[in-house]
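Raw input02.txt, compact mmCIF, C-alpha atoms:
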```
# COMPACT_ATOMS: atom_id res chain seq x y z
CA MET A 1 0.00 0.00 0.00
CA MET A 2 2.80 2.39 0.92
CA GLY A 3 4.49 1.62 -2.40
CA MET A 4 1.40 2.54 -4.36
CA PHE A 5 1.06 5.76 -2.34
CA HIS A 6 4.71 6.65 -3.00
CA SER A 7 4.35 5.92 -6.74
CA PHE A 8 1.25 8.12 -6.96
CA TRP A 9 3.04 11.13 -5.45
CA MET A 10 6.11 10.56 -7.58
CA VAL A 11 3.94 10.67 -10.73
CA ARG A 12 2.30 13.91 -9.53
CA TYR A 13 5.70 15.39 -8.68
CA ASN A 14 7.11 14.52 -12.11
CA LEU A 15 4.06 15.99 -13.86
CA ASN A 16 4.35 19.21 -11.84
CA MET A 17 8.05 19.50 -12.60
CA LYS A 18 7.38 19.00 -16.32
CA CYS A 19 4.74 21.75 -16.25
CA ILE A 20 7.13 24.13 -14.49
CA ILE A 21 9.95 23.39 -16.94
CA PHE A 22 7.56 23.83 -19.88
CA LEU A 23 6.38 27.22 -18.57
CA VAL A 24 9.92 28.45 -17.91
CA LEU A 25 11.15 27.37 -21.35
CA GLY A 26 8.09 28.93 -22.96
CA PHE A 27 8.71 32.19 -21.14
CA LEU A 28 12.36 32.24 -22.16
CA PHE A 29 11.44 31.48 -25.77
CA ILE A 30 8.88 34.30 -25.86
CA SER A 31 11.24 36.74 -24.14
CA ARG A 32 14.01 35.96 -26.60
CA ASP A 33 11.60 36.40 -29.48
CA VAL A 34 10.33 39.81 -28.33
CA SER A 35 12.43 42.65 -29.67
CA SER A 36 13.03 45.69 -27.49
CA GLU A 37 10.54 48.50 -27.98
CA ILE A 38 10.55 52.23 -27.42
CA LEU A 39 8.00 54.78 -26.25
CA VAL A 40 8.33 58.57 -26.41
CA TYR A 41 6.42 60.57 -23.81
CA ASP A 42 4.57 63.77 -24.69
CA ASP A 43 5.17 66.99 -22.78
CA ILE A 44 4.21 70.64 -22.52
CA GLY A 45 6.54 73.57 -21.94
CA VAL A 46 7.20 77.29 -22.25
CA ASN A 47 9.16 79.00 -24.99
CA GLY A 48 12.76 79.69 -24.04
CA SER A 49 12.74 77.29 -21.06
CA PRO A 50 14.58 73.96 -21.38
CA LEU A 51 12.77 70.69 -20.73
CA MET A 52 13.81 67.06 -20.74
CA LEU A 53 12.62 64.84 -23.57
CA ARG A 54 11.76 61.46 -22.05
CA VAL A 55 11.71 58.01 -23.61
CA LYS A 56 11.26 54.50 -22.25
CA THR A 57 12.94 51.40 -23.67
CA TYR A 58 11.60 47.98 -22.78
CA GLU A 59 11.52 44.35 -23.81
CA GLY A 60 8.24 42.54 -23.30
CA PHE A 61 7.04 43.55 -19.84
CA PHE A 62 10.47 44.63 -18.61
CA LYS A 63 12.32 47.93 -18.90
CA LYS A 64 15.63 47.68 -20.72
CA GLY A 65 18.66 49.88 -20.11
CA GLY A 66 21.77 50.58 -22.15
CA VAL A 67 19.89 51.14 -25.41
CA PRO A 68 21.51 53.71 -27.77
CA LEU A 69 19.07 56.42 -28.85
CA ARG A 70 18.97 59.04 -31.58
CA PHE A 71 16.69 62.06 -31.11
CA PHE A 72 15.05 63.99 -33.96
CA VAL A 73 13.05 67.21 -33.65
CA ASN A 74 10.71 67.92 -36.56
CA ASN A 75 12.66 65.37 -38.63
CA ARG A 76 16.02 67.03 -37.92
CA PHE A 77 18.72 65.18 -36.00
CA TYR A 78 19.01 66.65 -32.50
CA GLY A 79 21.44 64.40 -30.66
CA LYS A 80 22.22 61.03 -29.17
CA GLY A 81 21.49 59.43 -25.83
CA LEU A 82 21.44 56.17 -23.90
CA SER A 83 18.70 54.69 -21.75
CA GLY A 84 19.68 54.13 -18.12
CA GLY A 85 19.36 51.05 -15.99
CA ASP A 86 15.75 51.97 -15.20
CA GLY A 87 14.89 51.88 -18.91
CA TYR A 88 14.46 55.65 -19.29
CA GLY A 89 16.43 57.95 -21.56
CA TYR A 90 16.53 61.75 -21.51
CA LYS A 91 17.66 64.61 -23.71
CA GLU A 92 17.53 68.29 -22.86
CA PHE A 93 15.53 70.33 -25.35
CA LEU A 94 15.57 74.11 -25.63
CA PRO A 95 12.62 75.39 -27.73
CA THR A 96 13.18 78.55 -29.75
CA MET A 97 9.56 79.37 -30.64
CA PRO A 98 6.00 78.42 -29.63
CA SER A 99 4.95 75.41 -31.68
CA LEU A 100 3.96 71.76 -31.61
CA TYR A 101 7.24 69.87 -31.95
CA LYS A 102 7.31 66.30 -33.24
CA ILE A 103 9.90 64.31 -31.30
CA LYS A 104 11.10 61.09 -32.89
CA VAL A 105 13.47 58.75 -31.09
CA VAL A 106 15.16 55.87 -32.91
CA SER A 107 16.74 52.81 -31.29
CA PRO A 108 18.46 49.86 -33.03
CA SER A 109 15.19 47.89 -32.99
CA GLY A 110 12.48 50.52 -33.49
CA ASP A 111 11.28 54.08 -33.14
CA ASP A 112 8.43 56.15 -31.74
CA THR A 113 7.17 59.71 -32.05
CA GLY A 114 5.74 62.05 -29.43
CA ASN A 115 4.36 65.58 -29.16
CA VAL A 116 5.92 68.46 -27.24
CA LEU A 117 3.67 71.51 -27.13
CA ILE A 118 5.57 74.74 -26.50
CA LEU A 119 3.55 77.82 -25.55
CA ASP A 120 4.16 81.40 -24.52
CA LYS A 121 3.99 82.04 -20.79
CA GLY A 122 0.45 82.96 -19.77
CA SER A 123 -1.21 80.80 -22.44
CA SER A 124 -4.50 79.10 -21.56
CA ILE A 125 -4.95 75.35 -21.77
CA PHE A 126 -7.94 73.06 -21.39
CA ILE A 127 -7.41 69.56 -19.98
CA ILE A 128 -9.41 66.53 -21.12
CA ASP A 129 -9.37 63.16 -19.36
CA ILE A 130 -9.54 60.57 -22.15
CA ASP A 131 -11.72 58.32 -19.97
CA GLU A 132 -14.40 61.00 -20.06
CA ILE A 133 -14.64 61.17 -23.85
CA LYS A 134 -15.45 57.46 -24.19
CA GLU A 135 -19.05 56.23 -24.30
CA ASN A 136 -18.45 54.33 -21.05
CA SER A 137 -15.68 52.73 -19.03
CA PHE A 138 -16.05 49.44 -20.93
CA SER A 139 -15.88 50.94 -24.42
CA ASN A 140 -13.26 52.52 -26.63
CA ARG A 141 -15.89 54.27 -28.73
CA LEU A 142 -16.04 58.05 -28.52
CA ARG A 143 -19.01 59.94 -27.18
CA LYS A 144 -21.22 61.44 -29.82
CA ASN A 145 -19.76 64.55 -31.55
CA THR A 146 -16.48 64.32 -29.58
CA LYS A 147 -14.23 65.03 -32.56
CA LYS A 148 -16.21 68.12 -33.56
CA GLY A 149 -16.42 69.27 -29.95
CA ILE A 150 -12.66 69.06 -29.38
CA LEU A 151 -11.98 70.76 -32.72
CA ARG A 152 -14.18 73.70 -31.66
CA LEU A 153 -12.53 73.78 -28.24
CA LYS A 154 -9.08 73.93 -29.86
CA LYS A 155 -10.08 77.14 -31.62
CA ARG A 156 -10.32 78.82 -28.20
CA TYR A 157 -7.66 77.08 -26.11
CA HIS A 158 -4.67 74.78 -26.29
CA VAL A 159 -5.94 71.28 -25.50
CA ILE A 160 -4.06 68.48 -23.77
CA PHE A 161 -5.18 64.99 -22.76
CA ILE A 162 -4.50 63.31 -19.45
CA TYR A 163 -4.49 59.60 -18.57
CA LYS A 164 -4.54 57.98 -15.13
CA GLY A 165 -1.72 55.49 -15.49
CA ASP A 166 1.45 54.97 -17.50
CA ILE A 167 1.13 55.80 -21.18
CA LYS A 168 1.14 52.77 -23.46
CA LYS A 169 1.54 52.51 -27.23
CA GLY A 170 -2.02 51.21 -27.44
CA ILE A 171 -3.33 54.45 -25.95
CA LYS A 172 -1.31 56.56 -28.38
CA LYS A 173 -2.56 54.45 -31.29
CA TRP A 174 -6.16 54.85 -30.09
CA LEU A 175 -5.73 58.63 -30.12
CA GLN A 176 -4.15 58.54 -33.59
CA ASP A 177 -6.95 56.33 -34.93
CA ASN A 178 -9.45 58.91 -33.65
CA SER A 179 -7.65 61.85 -35.35
CA PHE A 180 -6.05 63.17 -32.13
CA LYS A 181 -2.43 62.53 -33.08
CA ASP A 182 -1.45 66.20 -32.61
CA ILE A 183 -2.77 66.56 -29.05
CA PRO A 184 -0.25 65.77 -26.28
CA ILE A 185 -1.24 63.21 -23.66
CA LEU A 186 0.28 63.49 -20.19
CA ILE A 187 0.25 61.14 -17.22
CA PHE A 188 -2.16 62.39 -14.57
CA ASN A 189 -0.36 62.12 -11.24
CA GLY A 190 -2.70 64.27 -9.18
CA GLU A 191 -1.75 67.69 -7.90
CA GLU A 192 1.82 67.23 -9.16
CA LEU A 193 0.63 67.75 -12.74
CA PHE A 194 -1.30 70.91 -11.86
CA GLU A 195 1.68 72.27 -9.93
CA GLU A 196 3.98 71.57 -12.87
CA ILE A 197 1.72 73.24 -15.44
CA MET A 198 1.00 76.30 -13.29
CA GLY A 199 4.64 76.50 -12.25
CA LYS A 200 5.55 76.99 -15.89
CA GLY A 201 3.34 80.07 -16.02
CA LEU A 202 0.47 78.45 -17.92
CA LYS A 203 -3.21 78.86 -17.04
CA ILE A 204 -5.62 75.93 -16.77
CA VAL A 205 -9.01 77.32 -17.81
CA GLY A 206 -10.95 74.09 -17.32
CA ILE A 207 -10.94 70.32 -16.99
CA LEU A 208 -13.27 67.79 -18.55
CA GLY A 209 -12.86 64.75 -16.37
CA THR A 210 -14.26 61.91 -14.33
CA PRO A 211 -15.87 62.78 -10.96
CA ASP A 212 -12.96 61.36 -8.92
CA ILE A 213 -10.87 64.50 -9.55
CA ILE A 214 -13.55 67.10 -8.74
CA ASP A 215 -12.14 67.88 -5.29
CA LEU A 216 -8.61 68.29 -6.64
CA ALA A 217 -9.79 70.70 -9.33
CA ARG A 218 -11.70 72.75 -6.76
CA ARG A 219 -8.64 72.95 -4.53
CA TYR A 220 -6.82 74.66 -7.41
CA LYS A 221 -9.89 76.74 -8.30
CA ILE A 222 -10.09 75.20 -11.77
CA LYS A 223 -13.46 75.00 -13.54
CA PHE A 224 -14.51 71.37 -13.71
CA PHE A 225 -16.88 69.71 -16.18
CA THR A 226 -18.09 66.14 -16.58
CA PHE A 227 -20.51 64.08 -18.63
CA SER A 228 -20.83 61.63 -15.74
CA GLU A 229 -23.66 61.54 -13.23
CA THR A 230 -22.56 62.99 -9.90
CA ASP A 231 -24.04 64.59 -6.79
CA GLU A 232 -21.33 67.23 -6.84
CA LEU A 233 -22.44 69.20 -9.90
CA GLU A 234 -24.78 69.14 -12.87
CA PRO A 235 -23.42 66.90 -15.67
CA LEU A 236 -23.01 68.16 -19.20
CA ASN A 237 -25.71 67.32 -21.72
CA ASP A 238 -23.38 67.32 -24.73
CA TRP A 239 -20.39 69.11 -26.25
CA ASP A 240 -22.47 72.18 -27.09
CA ASP A 241 -23.29 72.45 -23.39
CA LEU A 242 -19.57 72.36 -22.53
CA LEU A 243 -18.73 75.05 -25.06
CA ARG A 244 -21.43 77.28 -23.61
CA ARG A 245 -20.33 76.80 -20.01
CA VAL A 246 -16.58 77.08 -20.50
CA ARG A 247 -16.72 80.72 -21.58
```
Would you mind writing the structure in this file as structure tokens?
Amino acid sequence: MMGMFHSFWMVRYNLNMKCIIFLVLGFLFISRDVSSEILVYDDIGVNGSPLMLRVKTYEGFFKKGGVPLRFFVNNRFYGKGLSGGDGYGYKEFLPTMPSLYKIKVVSPSGDDTGNVLILDKGSSIFIIDIDEIKENSFSNRLRKNTKKGILRLKKRYHVIFIYKGDIKKGIKKWLQDNSFKDIPILIFNGEELFEEIMGKGLKIVGILGTPDIIDLARRYKIKFFTFSETDELEPLNDWDDLLRRVR
């Protein structure tokens, strides 16, 4: 009886070990097959003030350091760099005029392009949370008339997007597919983002966002708008309603 019991557990042990070895080998095979990728972060700045262009290099799910980088500004070579051990690479950029600069960074295995919006000090910007322009939290479809609404808003103010989380290539592609490739998207990290924008001498005239940032906007005395149902304030009916209220 003890022999049968021992044999049973030995079979289970061998099966488990085979599964573990199979998973490890599969992971190594996939990792070796995945080429390193690159992501350029968008930014916003003030004319005449230097800022750091930022790029992330990674392989699969892991950041990858020591990757040689070449930076281009509006298709002109700007300089070289190297990503650090944390997977991030930087290059100081000194803008010479207000404009939307296209930043392209090339690595040995790929490239990516980002937006850097440079404004005059005192310029007004309007912030849009990309989660608030979707039909709902489970959909990637835009709310009705969103493209026209943002186009009209851009005629009054400089528009930037925010996203609660690290920027991914999929998010940038989603914006490009929806004709928003020329609008910078920044990581929303709470009051730090507001402090950074205001510290550069720029004015935030309003935010279209989800209700979870109402209190933060009020603390900075920023006009807040939302399409979402909330007890805090009356939700917007549509984009025309926003354009009427934001004046």
Region 52-63 of chain A: axis-aligned bounding box, 6 Å on each side, centre and edge lengths in Å, one decimal, as JSON:
```
{"center_x": 10.4, "center_y": 54.8, "center_z": -21.2, "size_x": 18.8, "size_y": 36.5, "size_z": 17.2}
```
Just give me the gap between CA of Asn115 (chain A) and CA of Asp129 (chain A) in Å, one decimal is fine. 17.0 Å
How many Å lie between CA of Met198 (chain A) and CA of Arg143 (chain A), rounded to one decimal?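 Pair CA of Met198 (chain A) / CA of Arg143 (chain A) returns 29.3 Å.
Here the question is which of A:Glu132, A:Asp120, A:Asp238, A:Asp42 gets nearest to Gly209 (chain A) using only C-alpha atoms, and that residue is A:Glu132.
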Tell me which of A:Lys134, A:Arg152, A:Lys200, A:Lys221 sits closest to Ile118 (chain A), counting all atoms listed in the file.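 Residue with the minimum atom-to-atom distance to Ile118 (chain A): A:Lys200.
Take CA of Gly48 (chain A) and CA of Pro95 (chain A): the distance between them is 5.7 Å.
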Nearest candidate to Tyr41 (chain A) (options A:Gly190, A:Gly89, A:Pro235, A:Gly201; using only C-alpha atoms):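 Of A:Gly190, A:Gly89, A:Pro235, A:Gly201, the one nearest Tyr41 (chain A) is A:Gly89, counting only C-alpha atoms.
Remark: for Gly87 (chain A), the closest of the candidate residues A:Ile38, A:Met52, A:Ile128, A:Val106 is A:Ile38 (distances computed over only C-alpha atoms).
Taking all atoms listed in the file, the non-local environment of Glu229 (chain A) within 12 Å (same-chain residues fewer than 2 positions away omitted) comprises Glu132, Asn136, Gly209, Thr210, Pro211, Asp212, Phe225, Thr226, Phe227, Asp231, Glu232, Leu233, Glu234, Pro235, Leu236 and Asn237 of chain A.
The residue that comes closest to Lys172 (chain A), out of A:Asn74, A:Asn189, A:Ser107, A:Thr113 and on the basis of all atoms listed in the file, is A:Thr113.
Those residues that approach Asp182 (chain A) to within 9 Å, counting all atoms listed in the file, are A:Leu100, A:Lys102, A:Gly114, A:Asn115, A:Gln176; same-chain residues fewer than 6 positions away are not listed.
If you measure from each of A:Phe93, A:Asp241, A:Lys121, A:Glu37 to Gly149 (chain A) using only C-alpha atoms, the closest one turns out to be A:Asp241.
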Neighbouring residues of Gly79 (chain A) were defined as those with any atom within 12 Å, considering only C-alpha atoms; residues of the same chain fewer than 5 positions away were excluded. Please report them as a ChimeraX atom specification. /A:53,68-73,90-93,103-106
Neighbourhood query: residues within 10 Å of (14.1, 53.1, -21.6), file coordinates, counting only C-alpha atoms; return as a CSV table (one decimal) with C-alpha atoms, in the frame of the given file.
```csv
chain,number,residue,atom,x,y,z
A,36,SER,CA,13.0,45.7,-27.5
A,37,GLU,CA,10.5,48.5,-28.0
A,38,ILE,CA,10.6,52.2,-27.4
A,39,LEU,CA,8.0,54.8,-26.2
A,40,VAL,CA,8.3,58.6,-26.4
A,54,ARG,CA,11.8,61.5,-22.0
A,55,VAL,CA,11.7,58.0,-23.6
A,56,LYS,CA,11.3,54.5,-22.2
A,57,THR,CA,12.9,51.4,-23.7
A,58,TYR,CA,11.6,48.0,-22.8
A,59,GLU,CA,11.5,44.4,-23.8
A,62,PHE,CA,10.5,44.6,-18.6
A,63,LYS,CA,12.3,47.9,-18.9
A,64,LYS,CA,15.6,47.7,-20.7
A,65,GLY,CA,18.7,49.9,-20.1
A,66,GLY,CA,21.8,50.6,-22.2
A,67,VAL,CA,19.9,51.1,-25.4
A,68,PRO,CA,21.5,53.7,-27.8
A,69,LEU,CA,19.1,56.4,-28.8
A,82,LEU,CA,21.4,56.2,-23.9
A,83,SER,CA,18.7,54.7,-21.8
A,84,GLY,CA,19.7,54.1,-18.1
A,85,GLY,CA,19.4,51.0,-16.0
A,86,ASP,CA,15.8,52.0,-15.2
A,87,GLY,CA,14.9,51.9,-18.9
A,88,TYR,CA,14.5,55.6,-19.3
A,89,GLY,CA,16.4,58.0,-21.6
A,90,TYR,CA,16.5,61.8,-21.5
```
May I have the protein, DNA and RNA residues with any atom at most 10 Å from the point (-5.4, 74.5, -28.3), counting all atoms listed in the file, written as a VMD selection string? chain A and resid 117 119 123 to 127 150 to 160 183
Could you model N, CA and C atoms for region 129-161 of chain A and present them as a PDB file, in the coordinates of the input?
```pdb
ATOM      1  N   ASP A 129      -9.647  64.533 -19.782  1.00  0.00           N
ATOM      2  CA  ASP A 129      -9.370  63.160 -19.360  1.00  0.00           C
ATOM      3  C   ASP A 129      -9.923  62.230 -20.439  1.00  0.00           C
ATOM      4  N   ILE A 130      -9.069  61.393 -21.031  1.00  0.00           N
ATOM      5  CA  ILE A 130      -9.540  60.570 -22.150  1.00  0.00           C
ATOM      6  C   ILE A 130     -10.608  59.561 -21.730  1.00  0.00           C
ATOM      7  N   ASP A 131     -10.658  59.221 -20.435  1.00  0.00           N
ATOM      8  CA  ASP A 131     -11.720  58.320 -19.970  1.00  0.00           C
ATOM      9  C   ASP A 131     -13.092  58.973 -20.050  1.00  0.00           C
ATOM     10  N   GLU A 132     -13.118  60.296 -20.051  1.00  0.00           N
ATOM     11  CA  GLU A 132     -14.400  61.000 -20.060  1.00  0.00           C
ATOM     12  C   GLU A 132     -14.935  61.236 -21.469  1.00  0.00           C
ATOM     13  N   ILE A 133     -14.133  60.978 -22.484  1.00  0.00           N
ATOM     14  CA  ILE A 133     -14.640  61.170 -23.850  1.00  0.00           C
ATOM     15  C   ILE A 133     -15.039  59.840 -24.495  1.00  0.00           C
ATOM     16  N   LYS A 134     -14.968  58.758 -23.713  1.00  0.00           N
ATOM     17  CA  LYS A 134     -15.450  57.460 -24.190  1.00  0.00           C
ATOM     18  C   LYS A 134     -16.927  57.306 -23.821  1.00  0.00           C
ATOM     19  N   GLU A 135     -17.633  56.463 -24.568  1.00  0.00           N
ATOM     20  CA  GLU A 135     -19.050  56.230 -24.300  1.00  0.00           C
ATOM     21  C   GLU A 135     -19.268  55.727 -22.879  1.00  0.00           C
ATOM     22  N   ASN A 136     -18.416  54.829 -22.422  1.00  0.00           N
ATOM     23  CA  ASN A 136     -18.450  54.330 -21.050  1.00  0.00           C
ATOM     24  C   ASN A 136     -17.118  53.687 -20.722  1.00  0.00           C
ATOM     25  N   SER A 137     -16.966  53.259 -19.475  1.00  0.00           N
ATOM     26  CA  SER A 137     -15.680  52.730 -19.030  1.00  0.00           C
ATOM     27  C   SER A 137     -15.327  51.385 -19.658  1.00  0.00           C
ATOM     28  N   PHE A 138     -16.300  50.733 -20.309  1.00  0.00           N
ATOM     29  CA  PHE A 138     -16.050  49.440 -20.930  1.00  0.00           C
ATOM     30  C   PHE A 138     -15.913  49.530 -22.453  1.00  0.00           C
ATOM     31  N   SER A 139     -15.897  50.755 -22.968  1.00  0.00           N
ATOM     32  CA  SER A 139     -15.880  50.940 -24.420  1.00  0.00           C
ATOM     33  C   SER A 139     -14.741  51.849 -24.840  1.00  0.00           C
ATOM     34  N   ASN A 140     -14.252  51.628 -26.047  1.00  0.00           N
ATOM     35  CA  ASN A 140     -13.260  52.520 -26.630  1.00  0.00           C
ATOM     36  C   ASN A 140     -13.881  53.453 -27.665  1.00  0.00           C
ATOM     37  N   ARG A 141     -15.195  53.393 -27.789  1.00  0.00           N
ATOM     38  CA  ARG A 141     -15.890  54.270 -28.730  1.00  0.00           C
ATOM     39  C   ARG A 141     -16.051  55.660 -28.124  1.00  0.00           C
ATOM     40  N   LEU A 142     -15.917  56.672 -28.978  1.00  0.00           N
ATOM     41  CA  LEU A 142     -16.040  58.050 -28.520  1.00  0.00           C
ATOM     42  C   LEU A 142     -17.496  58.428 -28.269  1.00  0.00           C
ATOM     43  N   ARG A 143     -17.683  59.362 -27.350  1.00  0.00           N
ATOM     44  CA  ARG A 143     -19.010  59.940 -27.180  1.00  0.00           C
ATOM     45  C   ARG A 143     -19.423  60.658 -28.465  1.00  0.00           C
ATOM     46  N   LYS A 144     -20.687  60.803 -28.627  1.00  0.00           N
ATOM     47  CA  LYS A 144     -21.220  61.440 -29.820  1.00  0.00           C
ATOM     48  C   LYS A 144     -20.669  62.872 -29.965  1.00  0.00           C
ATOM     49  N   ASN A 145     -20.242  63.208 -31.180  1.00  0.00           N
ATOM     50  CA  ASN A 145     -19.760  64.550 -31.550  1.00  0.00           C
ATOM     51  C   ASN A 145     -18.463  64.963 -30.824  1.00  0.00           C
ATOM     52  N   THR A 146     -17.720  63.983 -30.294  1.00  0.00           N
ATOM     53  CA  THR A 146     -16.480  64.320 -29.580  1.00  0.00           C
ATOM     54  C   THR A 146     -15.444  64.988 -30.482  1.00  0.00           C
ATOM     55  N   LYS A 147     -15.246  64.452 -31.664  1.00  0.00           N
ATOM     56  CA  LYS A 147     -14.230  65.030 -32.560  1.00  0.00           C
ATOM     57  C   LYS A 147     -14.552  66.481 -32.898  1.00  0.00           C
ATOM     58  N   LYS A 148     -15.808  66.748 -33.230  1.00  0.00           N
ATOM     59  CA  LYS A 148     -16.210  68.120 -33.560  1.00  0.00           C
ATOM     60  C   LYS A 148     -16.094  69.017 -32.332  1.00  0.00           C
ATOM     61  N   GLY A 149     -16.482  68.489 -31.172  1.00  0.00           N
ATOM     62  CA  GLY A 149     -16.420  69.270 -29.950  1.00  0.00           C
ATOM     63  C   GLY A 149     -14.999  69.686 -29.600  1.00  0.00           C
ATOM     64  N   ILE A 150     -14.054  68.750 -29.698  1.00  0.00           N
ATOM     65  CA  ILE A 150     -12.660  69.060 -29.380  1.00  0.00           C
ATOM     66  C   ILE A 150     -12.070  70.020 -30.413  1.00  0.00           C
ATOM     67  N   LEU A 151     -12.446  69.850 -31.674  1.00  0.00           N
ATOM     68  CA  LEU A 151     -11.980  70.760 -32.720  1.00  0.00           C
ATOM     69  C   LEU A 151     -12.434  72.192 -32.434  1.00  0.00           C
ATOM     70  N   ARG A 152     -13.665  72.361 -32.006  1.00  0.00           N
ATOM     71  CA  ARG A 152     -14.180  73.700 -31.660  1.00  0.00           C
ATOM     72  C   ARG A 152     -13.489  74.243 -30.421  1.00  0.00           C
ATOM     73  N   LEU A 153     -13.212  73.360 -29.461  1.00  0.00           N
ATOM     74  CA  LEU A 153     -12.530  73.780 -28.240  1.00  0.00           C
ATOM     75  C   LEU A 153     -11.109  74.244 -28.535  1.00  0.00           C
ATOM     76  N   LYS A 154     -10.450  73.584 -29.493  1.00  0.00           N
ATOM     77  CA  LYS A 154      -9.080  73.930 -29.860  1.00  0.00           C
ATOM     78  C   LYS A 154      -8.982  75.316 -30.510  1.00  0.00           C
ATOM     79  N   LYS A 155     -10.085  75.800 -31.030  1.00  0.00           N
ATOM     80  CA  LYS A 155     -10.080  77.140 -31.620  1.00  0.00           C
ATOM     81  C   LYS A 155     -10.016  78.224 -30.552  1.00  0.00           C
ATOM     82  N   ARG A 156     -10.349  77.852 -29.301  1.00  0.00           N
ATOM     83  CA  ARG A 156     -10.320  78.820 -28.200  1.00  0.00           C
ATOM     84  C   ARG A 156      -9.078  78.640 -27.315  1.00  0.00           C
ATOM     85  N   TYR A 157      -8.732  77.376 -27.068  1.00  0.00           N
ATOM     86  CA  TYR A 157      -7.660  77.080 -26.110  1.00  0.00           C
ATOM     87  C   TYR A 157      -6.712  76.015 -26.672  1.00  0.00           C
ATOM     88  N   HIS A 158      -5.562  75.903 -26.021  1.00  0.00           N
ATOM     89  CA  HIS A 158      -4.670  74.780 -26.290  1.00  0.00           C
ATOM     90  C   HIS A 158      -5.190  73.597 -25.480  1.00  0.00           C
ATOM     91  N   VAL A 159      -5.359  72.461 -26.140  1.00  0.00           N
ATOM     92  CA  VAL A 159      -5.940  71.280 -25.500  1.00  0.00           C
ATOM     93  C   VAL A 159      -4.877  70.228 -25.249  1.00  0.00           C
ATOM     94  N   ILE A 160      -4.912  69.629 -24.057  1.00  0.00           N
ATOM     95  CA  ILE A 160      -4.060  68.480 -23.770  1.00  0.00           C
ATOM     96  C   ILE A 160      -4.921  67.373 -23.151  1.00  0.00           C
ATOM     97  N   PHE A 161      -4.512  66.135 -23.371  1.00  0.00           N
ATOM     98  CA  PHE A 161      -5.180  64.990 -22.760  1.00  0.00           C
ATOM     99  C   PHE A 161      -4.419  64.555 -21.516  1.00  0.00           C
TER     100      PHE A 161
END
```
